[in-house]
Amino acid sequence: MTSEAPDYFQPENGMVLTTLLIVRDVDRSREFYQRVLGATVVRDRRPAILRFHNSYIVINDEGGPTDDKPDVRAQAPPDSTTLSSAMNIRVTDVHAVYEQWRSRGGEFLTEPKDHGVETRCYLRDPDGYLIELGQAGSILAEMGRVAAA
């Protein structure tokens, strides 16, 4: 079952959860998420907003403090080997999505690896944010759900 994202600007139930990414180059990142992941651009910049299935990715520039966050600096990850957060995307066929995103230029760290509870793999966006692509395995039985054949 797939569901569309609620309206970003006027959510039907009063709220919508999004992922904010601070990046070095908004255009480059917007193009990556659109081309590789297939996200739909809702707004081009300041900030860029992309619909991704039942959620949104918000992409904005680095910058200094603002009046509503006076001691906070927005900054992209310092390097691609330090993990402080990751986008986790769950799919029903990890191998098919892996091949699709690879064919669109996605560069994965490894092919999907079976870890029993799930099969997963990772790719990085242009700023080094890690994106986990996974498919449930035995965790479905642990959670009392039946895996679809």
# chains A, B, ... in the order shown; residues from 1 in each chain; ligands from 1
$ residues_around --residues "Ala39 of chain A" --least-positions-apart "4" --cutoff "7 Å" --atoms "only C-alpha atoms" --output "PDB file with C-alpha atoms, in the first residue's frame"
ATOM      1  CA  TYR A  33      17.213  13.555  -5.021  1.00  0.00           C
ATOM      2  CA  GLN A  34      15.076  14.179  -8.098  1.00  0.00           C
ATOM      3  CA  LEU A  50      10.788  17.656  -2.658  1.00  0.00           C
ATOM      4  CA  ARG A  51       7.929  15.185  -2.221  1.00  0.00           C
ATOM      5  CA  PHE A  52       9.239  11.679  -1.694  1.00  0.00           C
TER       6      PHE A  52
END
$ closest_atom_pairs --of "segment 60-95 of chain A" --to "segment 120-139 of chain A" --cutoff "6 Å" --atoms "only C-alpha atoms" --output "CSV"
residue,atom,partner,partner_atom,distance
A:Ser80,CA,A:Gly128,CA,4.3
A:Ala86,CA,A:Leu130,CA,5.0
A:Met87,CA,A:Ile131,CA,4.8
A:Asn88,CA,A:Glu132,CA,4.7
A:Ile89,CA,A:Leu133,CA,5.0
A:Arg90,CA,A:Gly134,CA,5.0
A:Val91,CA,A:Gln135,CA,5.4
A:Thr92,CA,A:Gln135,CA,5.8
A:Val94,CA,A:Gln135,CA,5.5
$ select_by_dssp --residues "segment 8-125 of chain A" --states "helix (DSSP H, G or I)" --output "list of chain:residue names"
A:Val26, A:Asp27, A:Arg28, A:Ser29, A:Arg30, A:Glu31, A:Phe32, A:Tyr33, A:Gln34, A:Arg35, A:Val94, A:His95, A:Ala96, A:Val97, A:Tyr98, A:Glu99, A:Gln100, A:Trp101, A:Arg102, A:Ser103
$ write_last_selection --atoms "N, CA, C and O atoms" --output "short mmCIF file (atom, residue, chain, number, x, y, z; two decimals), in the first residue's frame"
data_model
loop_
_atom_site.label_atom_id
_atom_site.label_comp_id
_atom_site.auth_asym_id
_atom_site.auth_seq_id
_atom_site.Cartn_x
_atom_site.Cartn_y
_atom_site.Cartn_z
N VAL A 26 22.51 23.66 -3.08
CA VAL A 26 21.11 23.26 -3.13
C VAL A 26 20.74 22.68 -4.49
O VAL A 26 20.07 21.65 -4.58
N ASP A 27 21.19 23.32 -5.56
CA ASP A 27 20.85 22.85 -6.91
C ASP A 27 21.37 21.43 -7.15
O ASP A 27 20.66 20.58 -7.67
N ARG A 28 22.61 21.18 -6.75
CA ARG A 28 23.22 19.86 -6.93
C ARG A 28 22.46 18.80 -6.13
O ARG A 28 22.15 17.72 -6.64
N SER A 29 22.12 19.11 -4.89
CA SER A 29 21.40 18.15 -4.05
C SER A 29 19.97 17.93 -4.53
O SER A 29 19.49 16.80 -4.56
N ARG A 30 19.30 19.00 -4.92
CA ARG A 30 17.93 18.87 -5.44
C ARG A 30 17.93 17.96 -6.67
O ARG A 30 17.10 17.05 -6.79
N GLU A 31 18.89 18.14 -7.54
CA GLU A 31 18.99 17.34 -8.76
C GLU A 31 19.27 15.87 -8.41
O GLU A 31 18.69 14.97 -9.00
N PHE A 32 20.11 15.61 -7.42
CA PHE A 32 20.41 14.24 -6.99
C PHE A 32 19.14 13.55 -6.50
O PHE A 32 18.81 12.45 -6.93
N TYR A 33 18.41 14.18 -5.59
CA TYR A 33 17.21 13.55 -5.02
C TYR A 33 16.12 13.39 -6.07
O TYR A 33 15.36 12.42 -6.04
N GLN A 34 16.06 14.29 -7.02
CA GLN A 34 15.08 14.18 -8.10
C GLN A 34 15.49 13.08 -9.08
O GLN A 34 14.69 12.20 -9.42
N ARG A 35 16.74 13.10 -9.53
CA ARG A 35 17.19 12.16 -10.56
C ARG A 35 17.37 10.74 -10.02
O ARG A 35 16.89 9.79 -10.61
N VAL A 94 14.25 -4.46 -2.07
CA VAL A 94 15.49 -3.69 -1.96
C VAL A 94 16.39 -3.88 -3.18
O VAL A 94 17.04 -2.94 -3.63
N HIS A 95 16.40 -5.08 -3.75
CA HIS A 95 17.27 -5.33 -4.90
C HIS A 95 16.80 -4.54 -6.13
O HIS A 95 17.63 -3.99 -6.86
N ALA A 96 15.50 -4.47 -6.34
CA ALA A 96 14.97 -3.73 -7.49
C ALA A 96 15.24 -2.24 -7.36
O ALA A 96 15.67 -1.59 -8.32
N VAL A 97 15.04 -1.67 -6.17
CA VAL A 97 15.29 -0.24 -5.96
C VAL A 97 16.79 0.05 -6.05
O VAL A 97 17.19 1.05 -6.64
N TYR A 98 17.60 -0.83 -5.49
CA TYR A 98 19.06 -0.70 -5.60
C TYR A 98 19.47 -0.60 -7.06
O TYR A 98 20.22 0.30 -7.45
N GLU A 99 18.99 -1.51 -7.90
CA GLU A 99 19.34 -1.49 -9.33
C GLU A 99 18.81 -0.23 -10.02
O GLU A 99 19.51 0.37 -10.84
N GLN A 100 17.59 0.18 -9.69
CA GLN A 100 17.01 1.38 -10.30
C GLN A 100 17.83 2.61 -9.94
O GLN A 100 18.20 3.40 -10.81
N TRP A 101 18.15 2.80 -8.68
CA TRP A 101 18.89 3.99 -8.25
C TRP A 101 20.33 3.95 -8.75
O TRP A 101 20.90 4.98 -9.08
N ARG A 102 20.92 2.76 -8.83
CA ARG A 102 22.27 2.63 -9.40
C ARG A 102 22.27 3.04 -10.86
O ARG A 102 23.17 3.73 -11.32
N SER A 103 21.23 2.63 -11.59
CA SER A 103 21.14 2.97 -13.01
C SER A 103 20.96 4.47 -13.22
O SER A 103 21.25 5.00 -14.29
#
$ closest_residue --among "A:Pro78, A:Gly63, A:Gly38, A:Pro70" --to "Gly106 of chain A" --atoms "only C-alpha atoms"
A:Gly38
$ atom_distance --atom1 "atom CA of Lys113 of chain A" --atom2 "atom CA of Asp93 of chain A"
12.8 Å
$ select_by_dssp --residues "chain A" --states "strand (DSSP E)" --output "PyMOL selection string"
chain A and resi 18-23+40-43+48-52+55-61+86-90+113-114+118-124+130-136
$ closest_residue --among "A:Ile49, A:Leu109, A:Val36, A:Val117" --to "Ala141 of chain A" --atoms "only C-alpha atoms"
A:Val117
$ decode --residues "segment 99-111 of chain A" --atoms "all heavy atoms" --output "tab-separated table (two decimals), in the first residue's frame"
chain	number	residue	atom	x	y	z
A	99	GLU	N	18.99	-1.51	-7.90
A	99	GLU	CA	19.34	-1.49	-9.33
A	99	GLU	C	18.81	-0.23	-10.02
A	99	GLU	O	19.51	0.37	-10.84
A	99	GLU	CB	18.81	-2.74	-10.04
A	99	GLU	CG	19.54	-4.01	-9.64
A	99	GLU	CD	21.04	-3.99	-9.95
A	99	GLU	OE1	21.48	-3.27	-10.88
A	99	GLU	OE2	21.79	-4.69	-9.25
A	100	GLN	N	17.59	0.18	-9.69
A	100	GLN	CA	17.01	1.38	-10.30
A	100	GLN	C	17.83	2.61	-9.94
A	100	GLN	O	18.20	3.40	-10.81
A	100	GLN	CB	15.57	1.56	-9.84
A	100	GLN	CG	14.92	2.80	-10.42
A	100	GLN	CD	13.52	3.02	-9.85
A	100	GLN	OE1	13.33	3.01	-8.64
A	100	GLN	NE2	12.56	3.20	-10.75
A	101	TRP	N	18.15	2.80	-8.68
A	101	TRP	CA	18.89	3.99	-8.25
A	101	TRP	C	20.33	3.95	-8.75
A	101	TRP	O	20.90	4.98	-9.08
A	101	TRP	CB	18.83	4.14	-6.74
A	101	TRP	CG	17.46	4.52	-6.24
A	101	TRP	CD1	16.34	4.75	-6.98
A	101	TRP	CD2	17.09	4.73	-4.88
A	101	TRP	NE1	15.29	5.08	-6.16
A	101	TRP	CE2	15.72	5.07	-4.87
A	101	TRP	CE3	17.77	4.65	-3.67
A	101	TRP	CZ2	15.02	5.35	-3.70
A	101	TRP	CZ3	17.08	4.92	-2.51
A	101	TRP	CH2	15.73	5.27	-2.52
A	102	ARG	N	20.92	2.76	-8.83
A	102	ARG	CA	22.27	2.63	-9.40
A	102	ARG	C	22.27	3.04	-10.86
A	102	ARG	O	23.17	3.73	-11.32
A	102	ARG	CB	22.76	1.19	-9.26
A	102	ARG	CG	24.01	1.04	-8.45
A	102	ARG	CD	24.37	-0.40	-8.26
A	102	ARG	NE	24.22	-1.19	-9.49
A	102	ARG	CZ	25.19	-1.90	-10.03
A	102	ARG	NH1	26.38	-1.93	-9.49
A	102	ARG	NH2	24.97	-2.60	-11.12
A	103	SER	N	21.23	2.63	-11.59
A	103	SER	CA	21.14	2.97	-13.01
A	103	SER	C	20.96	4.47	-13.22
A	103	SER	O	21.25	5.00	-14.29
A	103	SER	CB	20.01	2.20	-13.69
A	103	SER	OG	18.74	2.72	-13.33
A	104	ARG	N	20.47	5.16	-12.19
A	104	ARG	CA	20.28	6.62	-12.26
A	104	ARG	C	21.50	7.38	-11.74
A	104	ARG	O	21.46	8.59	-11.61
A	104	ARG	CB	19.07	7.02	-11.43
A	104	ARG	CG	17.74	6.50	-11.96
A	104	ARG	CD	16.66	6.90	-11.00
A	104	ARG	NE	15.34	6.47	-11.43
A	104	ARG	CZ	14.27	6.53	-10.64
A	104	ARG	NH1	14.36	7.00	-9.39
A	104	ARG	NH2	13.10	6.12	-11.10
A	105	GLY	N	22.56	6.68	-11.39
A	105	GLY	CA	23.79	7.33	-10.94
A	105	GLY	C	24.04	7.26	-9.46
A	105	GLY	O	25.01	7.84	-8.97
A	106	GLY	N	23.20	6.57	-8.70
A	106	GLY	CA	23.44	6.42	-7.27
A	106	GLY	C	24.66	5.55	-7.02
A	106	GLY	O	24.81	4.51	-7.67
A	107	GLU	N	25.53	5.99	-6.14
A	107	GLU	CA	26.75	5.25	-5.83
A	107	GLU	C	26.62	4.66	-4.43
A	107	GLU	O	26.69	5.37	-3.43
A	107	GLU	CB	27.97	6.15	-5.94
A	107	GLU	CG	28.17	6.66	-7.36
A	107	GLU	CD	29.36	7.58	-7.51
A	107	GLU	OE1	30.22	7.61	-6.60
A	107	GLU	OE2	29.43	8.26	-8.54
A	108	PHE	N	26.43	3.34	-4.38
A	108	PHE	CA	26.23	2.64	-3.12
A	108	PHE	C	27.56	2.21	-2.52
A	108	PHE	O	28.52	1.95	-3.23
A	108	PHE	CB	25.35	1.40	-3.35
A	108	PHE	CG	23.91	1.73	-3.57
A	108	PHE	CD1	23.45	2.15	-4.81
A	108	PHE	CD2	23.00	1.63	-2.53
A	108	PHE	CE1	22.12	2.46	-5.02
A	108	PHE	CE2	21.67	1.94	-2.72
A	108	PHE	CZ	21.22	2.35	-3.97
A	109	LEU	N	27.60	2.13	-1.18
A	109	LEU	CA	28.80	1.66	-0.49
A	109	LEU	C	29.01	0.18	-0.78
A	109	LEU	O	30.15	-0.27	-0.96
A	109	LEU	CB	28.68	1.89	1.01
A	109	LEU	CG	28.98	3.29	1.52
A	109	LEU	CD1	28.03	4.32	0.98
A	109	LEU	CD2	28.96	3.33	3.03
A	110	THR	N	27.91	-0.61	-0.79
A	110	THR	CA	27.95	-2.04	-1.10
A	110	THR	C	26.63	-2.40	-1.78
A	110	THR	O	25.70	-1.59	-1.80
A	110	THR	CB	28.08	-2.92	0.17
A	110	THR	OG1	26.87	-2.81	0.94
A	110	THR	CG2	29.29	-2.54	1.01
A	111	GLU	N	26.54	-3.63	-2.27
A	111	GLU	CA	25.26	-4.13	-2.75
A	111	GLU	C	24.41	-4.46	-1.51
A	111	GLU	O	24.93	-4.47	-0.39
A	111	GLU	CB	25.46	-5.37	-3.63
A	111	GLU	CG	25.91	-6.61	-2.91
A	111	GLU	CD	27.41	-6.68	-2.61
A	111	GLU	OE1	28.17	-5.81	-3.08
A	111	GLU	OE2	27.81	-7.60	-1.88
